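Student: Got start37.cif for you, mmCIF, N, CA, C and O atoms:
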data_protein
#
loop_
_atom_site.group_PDB
_atom_site.id
_atom_site.type_symbol
_atom_site.label_atom_id
_atom_site.label_comp_id
_atom_site.auth_asym_id
_atom_site.auth_seq_id
_atom_site.Cartn_x
_atom_site.Cartn_y
_atom_site.Cartn_z
ATOM 1 N N MET Y 1 101.815 193.036 -162.228
ATOM 2 C CA MET Y 1 100.439 192.869 -161.805
ATOM 3 C C MET Y 1 100.181 193.748 -160.588
ATOM 4 O O MET Y 1 101.054 193.937 -159.749
ATOM 5 N N ILE Y 2 98.990 194.241 -160.499
ATOM 6 C CA ILE Y 2 98.566 195.013 -159.332
ATOM 7 C C ILE Y 2 97.714 194.108 -158.445
ATOM 8 O O ILE Y 2 96.807 193.431 -158.925
ATOM 9 N N SER Y 3 98.021 194.100 -157.168
ATOM 10 C CA SER Y 3 97.266 193.313 -156.202
ATOM 11 C C SER Y 3 96.587 194.255 -155.206
ATOM 12 O O SER Y 3 97.201 195.214 -154.728
ATOM 13 N N TYR Y 4 95.341 193.956 -154.909
ATOM 14 C CA TYR Y 4 94.584 194.741 -153.930
ATOM 15 C C TYR Y 4 94.397 193.974 -152.625
ATOM 16 O O TYR Y 4 93.514 194.296 -151.833
ATOM 17 N N GLU Y 5 95.241 192.975 -152.386
ATOM 18 C CA GLU Y 5 95.140 192.172 -151.165
ATOM 19 C C GLU Y 5 95.226 193.052 -149.909
ATOM 20 O O GLU Y 5 94.513 192.831 -148.934
ATOM 21 N N LYS Y 6 96.091 194.057 -149.952
ATOM 22 C CA LYS Y 6 96.239 194.951 -148.795
ATOM 23 C C LYS Y 6 94.957 195.734 -148.514
ATOM 24 O O LYS Y 6 94.690 196.105 -147.370
ATOM 25 N N LEU Y 7 94.167 195.990 -149.561
ATOM 26 C CA LEU Y 7 92.908 196.725 -149.375
ATOM 27 C C LEU Y 7 92.014 196.017 -148.373
ATOM 28 O O LEU Y 7 91.476 196.641 -147.455
ATOM 29 N N TRP Y 8 91.850 194.720 -148.530
ATOM 30 C CA TRP Y 8 90.944 193.957 -147.670
ATOM 31 C C TRP Y 8 91.453 193.935 -146.227
ATOM 32 O O TRP Y 8 90.651 194.006 -145.284
ATOM 33 N N LYS Y 9 92.772 193.874 -146.052
ATOM 34 C CA LYS Y 9 93.345 193.925 -144.701
ATOM 35 C C LYS Y 9 93.123 195.299 -144.070
ATOM 36 O O LYS Y 9 92.754 195.406 -142.900
ATOM 37 N N THR Y 10 93.336 196.343 -144.857
ATOM 38 C CA THR Y 10 93.149 197.709 -144.351
ATOM 39 C C THR Y 10 91.679 197.950 -144.013
ATOM 40 O O THR Y 10 91.368 198.559 -142.980
ATOM 41 N N MET Y 11 90.780 197.458 -144.849
ATOM 42 C CA MET Y 11 89.348 197.602 -144.556
ATOM 43 C C MET Y 11 89.002 196.922 -143.238
ATOM 44 O O MET Y 11 88.264 197.479 -142.423
ATOM 45 N N LYS Y 12 89.543 195.736 -143.022
ATOM 46 C CA LYS Y 12 89.268 195.011 -141.778
ATOM 47 C C LYS Y 12 89.810 195.788 -140.573
ATOM 48 O O LYS Y 12 89.121 195.923 -139.566
ATOM 49 N N GLU Y 13 91.029 196.312 -140.702
ATOM 50 C CA GLU Y 13 91.628 197.091 -139.612
ATOM 51 C C GLU Y 13 90.812 198.340 -139.293
ATOM 52 O O GLU Y 13 90.704 198.739 -138.135
ATOM 53 N N LYS Y 14 90.230 198.948 -140.325
ATOM 54 C CA LYS Y 14 89.464 200.183 -140.152
ATOM 55 C C LYS Y 14 87.985 199.915 -139.893
ATOM 56 O O LYS Y 14 87.192 200.842 -139.755
ATOM 57 N N ASN Y 15 87.625 198.623 -139.848
ATOM 58 C CA ASN Y 15 86.252 198.207 -139.585
ATOM 59 C C ASN Y 15 85.265 198.770 -140.622
ATOM 60 O O ASN Y 15 84.199 199.267 -140.272
ATOM 61 N N ILE Y 16 85.665 198.688 -141.891
ATOM 62 C CA ILE Y 16 84.797 199.136 -142.982
ATOM 63 C C ILE Y 16 84.540 197.935 -143.888
ATOM 64 O O ILE Y 16 85.461 197.357 -144.453
ATOM 65 N N SER Y 17 83.282 197.569 -144.002
ATOM 66 C CA SER Y 17 82.896 196.400 -144.795
ATOM 67 C C SER Y 17 82.589 196.791 -146.240
ATOM 68 O O SER Y 17 82.405 197.970 -146.563
ATOM 69 N N GLN Y 18 82.506 195.784 -147.091
ATOM 70 C CA GLN Y 18 82.103 196.022 -148.466
ATOM 71 C C GLN Y 18 80.680 196.593 -148.499
ATOM 72 O O GLN Y 18 80.379 197.468 -149.298
ATOM 73 N N TYR Y 19 79.834 196.095 -147.623
ATOM 74 C CA TYR Y 19 78.462 196.592 -147.521
ATOM 75 C C TYR Y 19 78.459 198.094 -147.233
ATOM 76 O O TYR Y 19 77.730 198.855 -147.858
ATOM 77 N N LYS Y 20 79.299 198.507 -146.298
ATOM 78 C CA LYS Y 20 79.391 199.916 -145.939
ATOM 79 C C LYS Y 20 79.916 200.750 -147.116
ATOM 80 O O LYS Y 20 79.423 201.849 -147.367
ATOM 81 N N LEU Y 21 80.904 200.225 -147.847
ATOM 82 C CA LEU Y 21 81.431 200.943 -149.009
ATOM 83 C C LEU Y 21 80.328 201.170 -150.041
ATOM 84 O O LEU Y 21 80.221 202.247 -150.628
ATOM 85 N N ILE Y 22 79.505 200.156 -150.258
ATOM 86 C CA ILE Y 22 78.439 200.262 -151.250
ATOM 87 C C ILE Y 22 77.326 201.190 -150.772
ATOM 88 O O ILE Y 22 76.898 202.091 -151.505
ATOM 89 N N ASN Y 23 76.854 200.994 -149.558
ATOM 90 C CA ASN Y 23 75.667 201.709 -149.093
ATOM 91 C C ASN Y 23 75.928 203.086 -148.504
ATOM 92 O O ASN Y 23 75.091 203.974 -148.655
ATOM 93 N N GLU Y 24 77.054 203.268 -147.844
ATOM 94 C CA GLU Y 24 77.340 204.576 -147.250
ATOM 95 C C GLU Y 24 78.192 205.458 -148.146
ATOM 96 O O GLU Y 24 78.006 206.674 -148.178
ATOM 97 N N TYR Y 25 79.137 204.849 -148.852
ATOM 98 C CA TYR Y 25 80.096 205.637 -149.626
ATOM 99 C C TYR Y 25 79.866 205.563 -151.132
ATOM 100 O O TYR Y 25 80.589 206.174 -151.900
ATOM 101 N N ARG Y 26 78.845 204.795 -151.535
ATOM 102 C CA ARG Y 26 78.446 204.718 -152.947
ATOM 103 C C ARG Y 26 79.536 204.195 -153.884
ATOM 104 O O ARG Y 26 79.626 204.593 -155.033
ATOM 105 N N ILE Y 27 80.388 203.294 -153.378
ATOM 106 C CA ILE Y 27 81.329 202.585 -154.238
ATOM 107 C C ILE Y 27 80.517 201.474 -154.889
ATOM 108 O O ILE Y 27 79.797 200.741 -154.210
ATOM 109 N N SER Y 28 80.605 201.327 -156.200
ATOM 110 C CA SER Y 28 79.753 200.354 -156.888
ATOM 111 C C SER Y 28 80.206 198.920 -156.610
ATOM 112 O O SER Y 28 81.389 198.649 -156.387
ATOM 113 N N ALA Y 29 79.233 198.024 -156.651
ATOM 114 C CA ALA Y 29 79.527 196.602 -156.484
ATOM 115 C C ALA Y 29 80.449 196.128 -157.602
ATOM 116 O O ALA Y 29 81.303 195.263 -157.387
ATOM 117 N N GLY Y 30 80.310 196.706 -158.790
ATOM 118 C CA GLY Y 30 81.176 196.361 -159.915
ATOM 119 C C GLY Y 30 82.625 196.713 -159.646
ATOM 120 O O GLY Y 30 83.531 195.939 -159.976
ATOM 121 N N GLN Y 31 82.846 197.881 -159.040
ATOM 122 C CA GLN Y 31 84.210 198.282 -158.685
ATOM 123 C C GLN Y 31 84.799 197.294 -157.683
ATOM 124 O O GLN Y 31 85.959 196.896 -157.793
ATOM 125 N N LEU Y 32 84.013 196.911 -156.699
ATOM 126 C CA LEU Y 32 84.500 195.963 -155.700
ATOM 127 C C LEU Y 32 84.800 194.604 -156.326
ATOM 128 O O LEU Y 32 85.774 193.949 -155.958
ATOM 129 N N SER Y 33 83.989 194.200 -157.290
ATOM 130 C CA SER Y 33 84.250 192.937 -158.002
ATOM 131 C C SER Y 33 85.576 193.002 -158.743
ATOM 132 O O SER Y 33 86.355 192.046 -158.733
ATOM 133 N N ARG Y 34 85.839 194.134 -159.396
ATOM 134 C CA ARG Y 34 87.106 194.292 -160.105
ATOM 135 C C ARG Y 34 88.279 194.300 -159.130
ATOM 136 O O ARG Y 34 89.337 193.727 -159.411
ATOM 137 N N LEU Y 35 88.100 194.906 -157.983
ATOM 138 C CA LEU Y 35 89.156 194.918 -156.967
ATOM 139 C C LEU Y 35 89.428 193.503 -156.454
ATOM 140 O O LEU Y 35 90.579 193.108 -156.286
ATOM 141 N N ARG Y 36 88.370 192.741 -156.221
ATOM 142 C CA ARG Y 36 88.540 191.357 -155.752
ATOM 143 C C ARG Y 36 89.285 190.515 -156.780
ATOM 144 O O ARG Y 36 90.029 189.605 -156.426
ATOM 145 N N ALA Y 37 89.089 190.829 -158.054
ATOM 146 C CA ALA Y 37 89.728 190.073 -159.132
ATOM 147 C C ALA Y 37 91.082 190.657 -159.525
ATOM 148 O O ALA Y 37 91.692 190.205 -160.494
ATOM 149 N N ASN Y 38 91.551 191.655 -158.779
ATOM 150 C CA ASN Y 38 92.801 192.351 -159.114
ATOM 151 C C ASN Y 38 92.765 192.869 -160.552
ATOM 152 O O ASN Y 38 93.751 192.831 -161.268
ATOM 153 N N SER Y 39 91.608 193.341 -160.955
ATOM 154 C CA SER Y 39 91.406 193.857 -162.297
ATOM 155 C C SER Y 39 91.584 195.378 -162.303
ATOM 156 O O SER Y 39 91.925 195.973 -161.283
ATOM 157 N N HIS Y 40 91.324 195.981 -163.446
ATOM 158 C CA HIS Y 40 91.540 197.410 -163.613
ATOM 159 C C HIS Y 40 90.466 198.235 -162.896
ATOM 160 O O HIS Y 40 89.272 197.953 -163.024
ATOM 161 N N VAL Y 41 90.914 199.223 -162.135
ATOM 162 C CA VAL Y 41 90.025 200.220 -161.544
ATOM 163 C C VAL Y 41 90.647 201.588 -161.787
ATOM 164 O O VAL Y 41 91.851 201.714 -162.005
ATOM 165 N N SER Y 42 89.824 202.607 -161.725
ATOM 166 C CA SER Y 42 90.318 203.953 -162.005
ATOM 167 C C SER Y 42 91.112 204.515 -160.824
ATOM 168 O O SER Y 42 90.929 204.092 -159.677
ATOM 169 N N THR Y 43 91.957 205.466 -161.136
ATOM 170 C CA THR Y 43 92.691 206.143 -160.065
ATOM 171 C C THR Y 43 91.714 206.940 -159.197
ATOM 172 O O THR Y 43 91.965 207.122 -158.004
ATOM 173 N N HIS Y 44 90.604 207.349 -159.772
ATOM 174 C CA HIS Y 44 89.568 208.052 -158.991
ATOM 175 C C HIS Y 44 89.043 207.135 -157.882
ATOM 176 O O HIS Y 44 88.888 207.565 -156.733
ATOM 177 N N THR Y 45 88.781 205.886 -158.226
ATOM 178 C CA THR Y 45 88.301 204.922 -157.226
ATOM 179 C C THR Y 45 89.347 204.701 -156.150
ATOM 180 O O THR Y 45 89.019 204.670 -154.952
ATOM 181 N N LEU Y 46 90.595 204.567 -156.543
ATOM 182 C CA LEU Y 46 91.669 204.379 -155.559
ATOM 183 C C LEU Y 46 91.790 205.593 -154.653
ATOM 184 O O LEU Y 46 91.975 205.454 -153.436
ATOM 185 N N ASP Y 47 91.637 206.773 -155.216
ATOM 186 C CA ASP Y 47 91.680 208.009 -154.436
ATOM 187 C C ASP Y 47 90.532 208.043 -153.424
ATOM 188 O O ASP Y 47 90.734 208.378 -152.251
ATOM 189 N N LEU Y 48 89.340 207.677 -153.864
ATOM 190 C CA LEU Y 48 88.185 207.632 -152.954
ATOM 191 C C LEU Y 48 88.422 206.654 -151.811
ATOM 192 O O LEU Y 48 88.127 206.954 -150.649
ATOM 193 N N LEU Y 49 88.944 205.481 -152.145
ATOM 194 C CA LEU Y 49 89.203 204.474 -151.110
ATOM 195 C C LEU Y 49 90.228 204.968 -150.096
ATOM 196 O O LEU Y 49 90.063 204.754 -148.890
ATOM 197 N N CYS Y 50 91.260 205.644 -150.568
ATOM 198 C CA CYS Y 50 92.258 206.211 -149.642
ATOM 199 C C CYS Y 50 91.616 207.250 -148.721
ATOM 200 O O CYS Y 50 91.912 207.287 -147.528
ATOM 201 N N ASP Y 51 90.728 208.068 -149.269
ATOM 202 C CA ASP Y 51 90.031 209.063 -148.447
ATOM 203 C C ASP Y 51 89.119 208.384 -147.422
ATOM 204 O O ASP Y 51 89.114 208.737 -146.246
ATOM 205 N N ILE Y 52 88.343 207.410 -147.880
ATOM 206 C CA ILE Y 52 87.412 206.700 -147.000
ATOM 207 C C ILE Y 52 88.159 205.984 -145.881
ATOM 208 O O ILE Y 52 87.758 206.043 -144.712
ATOM 209 N N LEU Y 53 89.243 205.321 -146.232
ATOM 210 C CA LEU Y 53 89.998 204.527 -145.257
ATOM 211 C C LEU Y 53 91.049 205.344 -144.510
ATOM 212 O O LEU Y 53 91.717 204.817 -143.620
ATOM 213 N N ASP Y 54 91.193 206.607 -144.899
ATOM 214 C CA ASP Y 54 92.196 207.488 -144.294
ATOM 215 C C ASP Y 54 93.564 206.802 -144.299
ATOM 216 O O ASP Y 54 94.181 206.586 -143.254
ATOM 217 N N CYS Y 55 93.983 206.430 -145.521
ATOM 218 C CA CYS Y 55 95.238 205.709 -145.660
ATOM 219 C C CYS Y 55 95.992 206.171 -146.898
ATOM 220 O O CYS Y 55 95.501 206.980 -147.672
ATOM 221 N N ASP Y 56 97.169 205.620 -147.075
ATOM 222 C CA ASP Y 56 98.018 205.896 -148.228
ATOM 223 C C ASP Y 56 97.757 204.831 -149.289
ATOM 224 O O ASP Y 56 97.310 203.723 -148.963
ATOM 225 N N ILE Y 57 98.068 205.128 -150.533
ATOM 226 C CA ILE Y 57 97.869 204.173 -151.624
ATOM 227 C C ILE Y 57 98.626 202.865 -151.363
ATOM 228 O O ILE Y 57 98.141 201.786 -151.685
ATOM 229 N N SER Y 58 99.773 202.957 -150.726
ATOM 230 C CA SER Y 58 100.560 201.749 -150.438
ATOM 231 C C SER Y 58 99.875 200.851 -149.400
ATOM 232 O O SER Y 58 100.266 199.695 -149.238
ATOM 233 N N ASP Y 59 98.847 201.365 -148.727
ATOM 234 C CA ASP Y 59 98.094 200.557 -147.774
ATOM 235 C C ASP Y 59 97.019 199.715 -148.451
ATOM 236 O O ASP Y 59 96.411 198.848 -147.809
ATOM 237 N N ILE Y 60 96.770 199.974 -149.754
ATOM 238 C CA ILE Y 60 95.723 199.223 -150.442
ATOM 239 C C ILE Y 60 96.180 198.565 -151.746
ATOM 240 O O ILE Y 60 95.501 197.702 -152.271
ATOM 241 N N VAL Y 61 97.339 198.974 -152.275
ATOM 242 C CA VAL Y 61 97.801 198.481 -153.567
ATOM 243 C C VAL Y 61 99.246 197.996 -153.462
ATOM 244 O O VAL Y 61 100.069 198.625 -152.811
ATOM 245 N N THR Y 62 99.505 196.875 -154.132
ATOM 246 C CA THR Y 62 100.871 196.356 -154.236
ATOM 247 C C THR Y 62 101.143 196.032 -155.697
ATOM 248 O O THR Y 62 100.295 195.456 -156.378
ATOM 249 N N HIS Y 63 102.331 196.412 -156.162
ATOM 250 C CA HIS Y 63 102.752 196.024 -157.501
ATOM 251 C C HIS Y 63 103.594 194.764 -157.393
ATOM 252 O O HIS Y 63 104.538 194.710 -156.608
ATOM 253 N N ILE Y 64 103.209 193.763 -158.167
ATOM 254 C CA ILE Y 64 103.950 192.497 -158.205
ATOM 255 C C ILE Y 64 104.546 192.370 -159.591
ATOM 256 O O ILE Y 64 103.808 192.371 -160.586
ATOM 257 N N LYS Y 65 105.863 192.291 -159.636
ATOM 258 C CA LYS Y 65 106.568 192.207 -160.911
ATOM 259 C C LYS Y 65 106.227 190.924 -161.643
ATOM 260 O O LYS Y 65 106.197 189.848 -161.045
ATOM 261 N N ASN Y 66 105.940 191.055 -162.943
ATOM 262 C CA ASN Y 66 105.679 189.869 -163.772
ATOM 263 C C ASN Y 66 106.988 189.122 -163.991
ATOM 264 O O ASN Y 66 108.018 189.727 -164.223
ATOM 265 N N SER Y 67 106.910 187.797 -163.925
ATOM 266 C CA SER Y 67 108.131 187.015 -164.115
ATOM 267 C C SER Y 67 108.282 186.532 -165.541
ATOM 268 O O SER Y 67 107.514 186.652 -166.383
#
What would you get if you wrote out this structure as structure tokens?
Tutor:
Amino acid sequence: MISYEKLWKTMKEKNISQYKLINEYRISAGQLSRLRANSHVSTHTLDLLCDILDCDISDIVTHIKNS
């Protein structure tokens, strides 16, 4: 499973809100909903988030092994 829990922590550290992602950076509300649900998002979206947050992919994504 992929978890985006680190994304929300990194956003808080960088002082970037979901509102700002939607209105300033044009990340869709649907994409954010999928991220909140740990659902599928494109690598393009992950790349954009890394650019916006000036971070590495490991700062926003964690792989959790299925048991």
Student: Please return as a count of residues only: the residues of chain Y that backbone DSSP assigns to helix (DSSP H, G or I).
Tutor: 37
Student: Going by DSSP on the backbone, which bits of chain Y are strand (DSSP E or B)? Write them as a PDB file with N, CA, C and O atoms, in the frame of the given file, please.
Tutor:
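Result file out27.pdb:
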ATOM      1  N   ILE Y   2      98.990 194.241-160.499  1.00  0.00           N
ATOM      2  CA  ILE Y   2      98.566 195.013-159.332  1.00  0.00           C
ATOM      3  C   ILE Y   2      97.714 194.108-158.445  1.00  0.00           C
ATOM      4  O   ILE Y   2      96.807 193.431-158.925  1.00  0.00           O
ATOM      5  N   SER Y   3      98.021 194.100-157.168  1.00  0.00           N
ATOM      6  CA  SER Y   3      97.266 193.313-156.202  1.00  0.00           C
ATOM      7  C   SER Y   3      96.587 194.255-155.206  1.00  0.00           C
ATOM      8  O   SER Y   3      97.201 195.214-154.728  1.00  0.00           O
ATOM      9  N   THR Y  62      99.505 196.875-154.132  1.00  0.00           N
ATOM     10  CA  THR Y  62     100.871 196.356-154.236  1.00  0.00           C
ATOM     11  C   THR Y  62     101.143 196.032-155.697  1.00  0.00           C
ATOM     12  O   THR Y  62     100.295 195.456-156.378  1.00  0.00           O
ATOM     13  N   HIS Y  63     102.331 196.412-156.162  1.00  0.00           N
ATOM     14  CA  HIS Y  63     102.752 196.024-157.501  1.00  0.00           C
ATOM     15  C   HIS Y  63     103.594 194.764-157.393  1.00  0.00           C
ATOM     16  O   HIS Y  63     104.538 194.710-156.608  1.00  0.00           O
TER      17      HIS Y  63
END
Student: Which residue out of Y:Cys50, Y:Val41, Y:Leu32, Y:Val61 has the minimum interatomic distance to Gln18 of chain Y when all atoms listed in the file are used?
Tutor: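 Checking each of Y:Cys50, Y:Val41, Y:Leu32, Y:Val61 against Gln18 of chain Y, counting all atoms listed in the file, the winner is Y:Leu32.
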Student: Neighbouring residues of His44 of chain Y were defined as those with any atom within 12 Å, considering only C-alpha atoms; residues of the same chain fewer than 5 positions away were excluded. Please report them as an NGL selection string.
Tutor: :Y and (27 or 31 or 49-51 or 57)
Student: Given all atoms listed in the file as the basis, pick out the residue of Y:Ile2, Y:Leu7, Y:Ile16, Y:Leu53 nearest to His40 of chain Y.
Tutor: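 Among the listed residues, Y:Ile2 lies closest to His40 of chain Y.
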Student: Could you tell me which of Y:Lys20, Y:Lys6, Y:Lys14, Y:Arg34 comes closest to Ser58 of chain Y if we count all atoms listed in the file?
Tutor: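 Of Y:Lys20, Y:Lys6, Y:Lys14, Y:Arg34, the one nearest Ser58 of chain Y, counting all atoms listed in the file, is Y:Lys6.
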Student: Could you add all heavy atoms to segment 35-46 of chain Y and give me the result as a compact mmCIF listing (two decimals), keeping the file's coordinate frame?
Tutor:
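Contents of the output file selection.txt:
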# COMPACT_ATOMS: atom_id res chain seq x y z
N LEU Y 35 88.10 194.91 -157.98
CA LEU Y 35 89.16 194.92 -156.97
C LEU Y 35 89.43 193.50 -156.45
O LEU Y 35 90.58 193.11 -156.29
CB LEU Y 35 88.78 195.85 -155.81
CG LEU Y 35 88.84 197.34 -156.13
CD1 LEU Y 35 88.02 198.14 -155.13
CD2 LEU Y 35 90.27 197.83 -156.17
N ARG Y 36 88.37 192.74 -156.22
CA ARG Y 36 88.54 191.36 -155.75
C ARG Y 36 89.28 190.52 -156.78
O ARG Y 36 90.03 189.60 -156.43
CB ARG Y 36 87.18 190.71 -155.44
CG ARG Y 36 86.63 191.08 -154.09
CD ARG Y 36 85.46 190.21 -153.70
NE ARG Y 36 84.34 190.31 -154.63
CZ ARG Y 36 83.40 191.25 -154.60
NH1 ARG Y 36 83.44 192.19 -153.68
NH2 ARG Y 36 82.42 191.26 -155.48
N ALA Y 37 89.09 190.83 -158.05
CA ALA Y 37 89.73 190.07 -159.13
C ALA Y 37 91.08 190.66 -159.52
O ALA Y 37 91.69 190.20 -160.49
CB ALA Y 37 88.80 190.05 -160.35
N ASN Y 38 91.55 191.66 -158.78
CA ASN Y 38 92.80 192.35 -159.11
C ASN Y 38 92.76 192.87 -160.55
O ASN Y 38 93.75 192.83 -161.27
CB ASN Y 38 94.03 191.46 -158.90
CG ASN Y 38 94.27 191.20 -157.44
OD1 ASN Y 38 94.09 192.06 -156.60
ND2 ASN Y 38 94.68 189.99 -157.12
N SER Y 39 91.61 193.34 -160.96
CA SER Y 39 91.41 193.86 -162.30
C SER Y 39 91.58 195.38 -162.30
O SER Y 39 91.92 195.97 -161.28
CB SER Y 39 90.00 193.47 -162.76
OG SER Y 39 89.84 193.70 -164.13
N HIS Y 40 91.32 195.98 -163.45
CA HIS Y 40 91.54 197.41 -163.61
C HIS Y 40 90.47 198.24 -162.90
O HIS Y 40 89.27 197.95 -163.02
CB HIS Y 40 91.52 197.79 -165.10
CG HIS Y 40 92.55 197.06 -165.88
ND1 HIS Y 40 93.87 197.38 -165.84
CD2 HIS Y 40 92.44 195.98 -166.70
CE1 HIS Y 40 94.55 196.56 -166.62
NE2 HIS Y 40 93.71 195.69 -167.15
N VAL Y 41 90.91 199.22 -162.14
CA VAL Y 41 90.02 200.22 -161.54
C VAL Y 41 90.65 201.59 -161.79
O VAL Y 41 91.85 201.71 -162.00
CB VAL Y 41 89.79 200.00 -160.03
CG1 VAL Y 41 89.06 198.70 -159.76
CG2 VAL Y 41 91.07 200.04 -159.26
N SER Y 42 89.82 202.61 -161.72
CA SER Y 42 90.32 203.95 -162.00
C SER Y 42 91.11 204.52 -160.82
O SER Y 42 90.93 204.09 -159.68
CB SER Y 42 89.14 204.89 -162.32
OG SER Y 42 88.39 205.12 -161.14
N THR Y 43 91.96 205.47 -161.14
CA THR Y 43 92.69 206.14 -160.06
C THR Y 43 91.71 206.94 -159.20
O THR Y 43 91.96 207.12 -158.00
CB THR Y 43 93.78 207.07 -160.63
OG1 THR Y 43 93.21 207.95 -161.57
CG2 THR Y 43 94.90 206.26 -161.27
N HIS Y 44 90.60 207.35 -159.77
CA HIS Y 44 89.57 208.05 -158.99
C HIS Y 44 89.04 207.14 -157.88
O HIS Y 44 88.89 207.56 -156.73
CB HIS Y 44 88.43 208.50 -159.91
CG HIS Y 44 87.27 209.08 -159.19
ND1 HIS Y 44 87.31 210.34 -158.62
CD2 HIS Y 44 86.05 208.58 -158.90
CE1 HIS Y 44 86.15 210.58 -158.03
NE2 HIS Y 44 85.37 209.53 -158.19
N THR Y 45 88.78 205.89 -158.23
CA THR Y 45 88.30 204.92 -157.23
C THR Y 45 89.35 204.70 -156.15
O THR Y 45 89.02 204.67 -154.95
CB THR Y 45 87.94 203.58 -157.90
OG1 THR Y 45 86.89 203.81 -158.83
CG2 THR Y 45 87.51 202.54 -156.87
N LEU Y 46 90.60 204.57 -156.54
CA LEU Y 46 91.67 204.38 -155.56
C LEU Y 46 91.79 205.59 -154.65
O LEU Y 46 91.98 205.45 -153.44
CB LEU Y 46 92.99 204.10 -156.27
CG LEU Y 46 93.04 202.81 -157.08
CD1 LEU Y 46 94.37 202.70 -157.83
CD2 LEU Y 46 92.81 201.59 -156.20
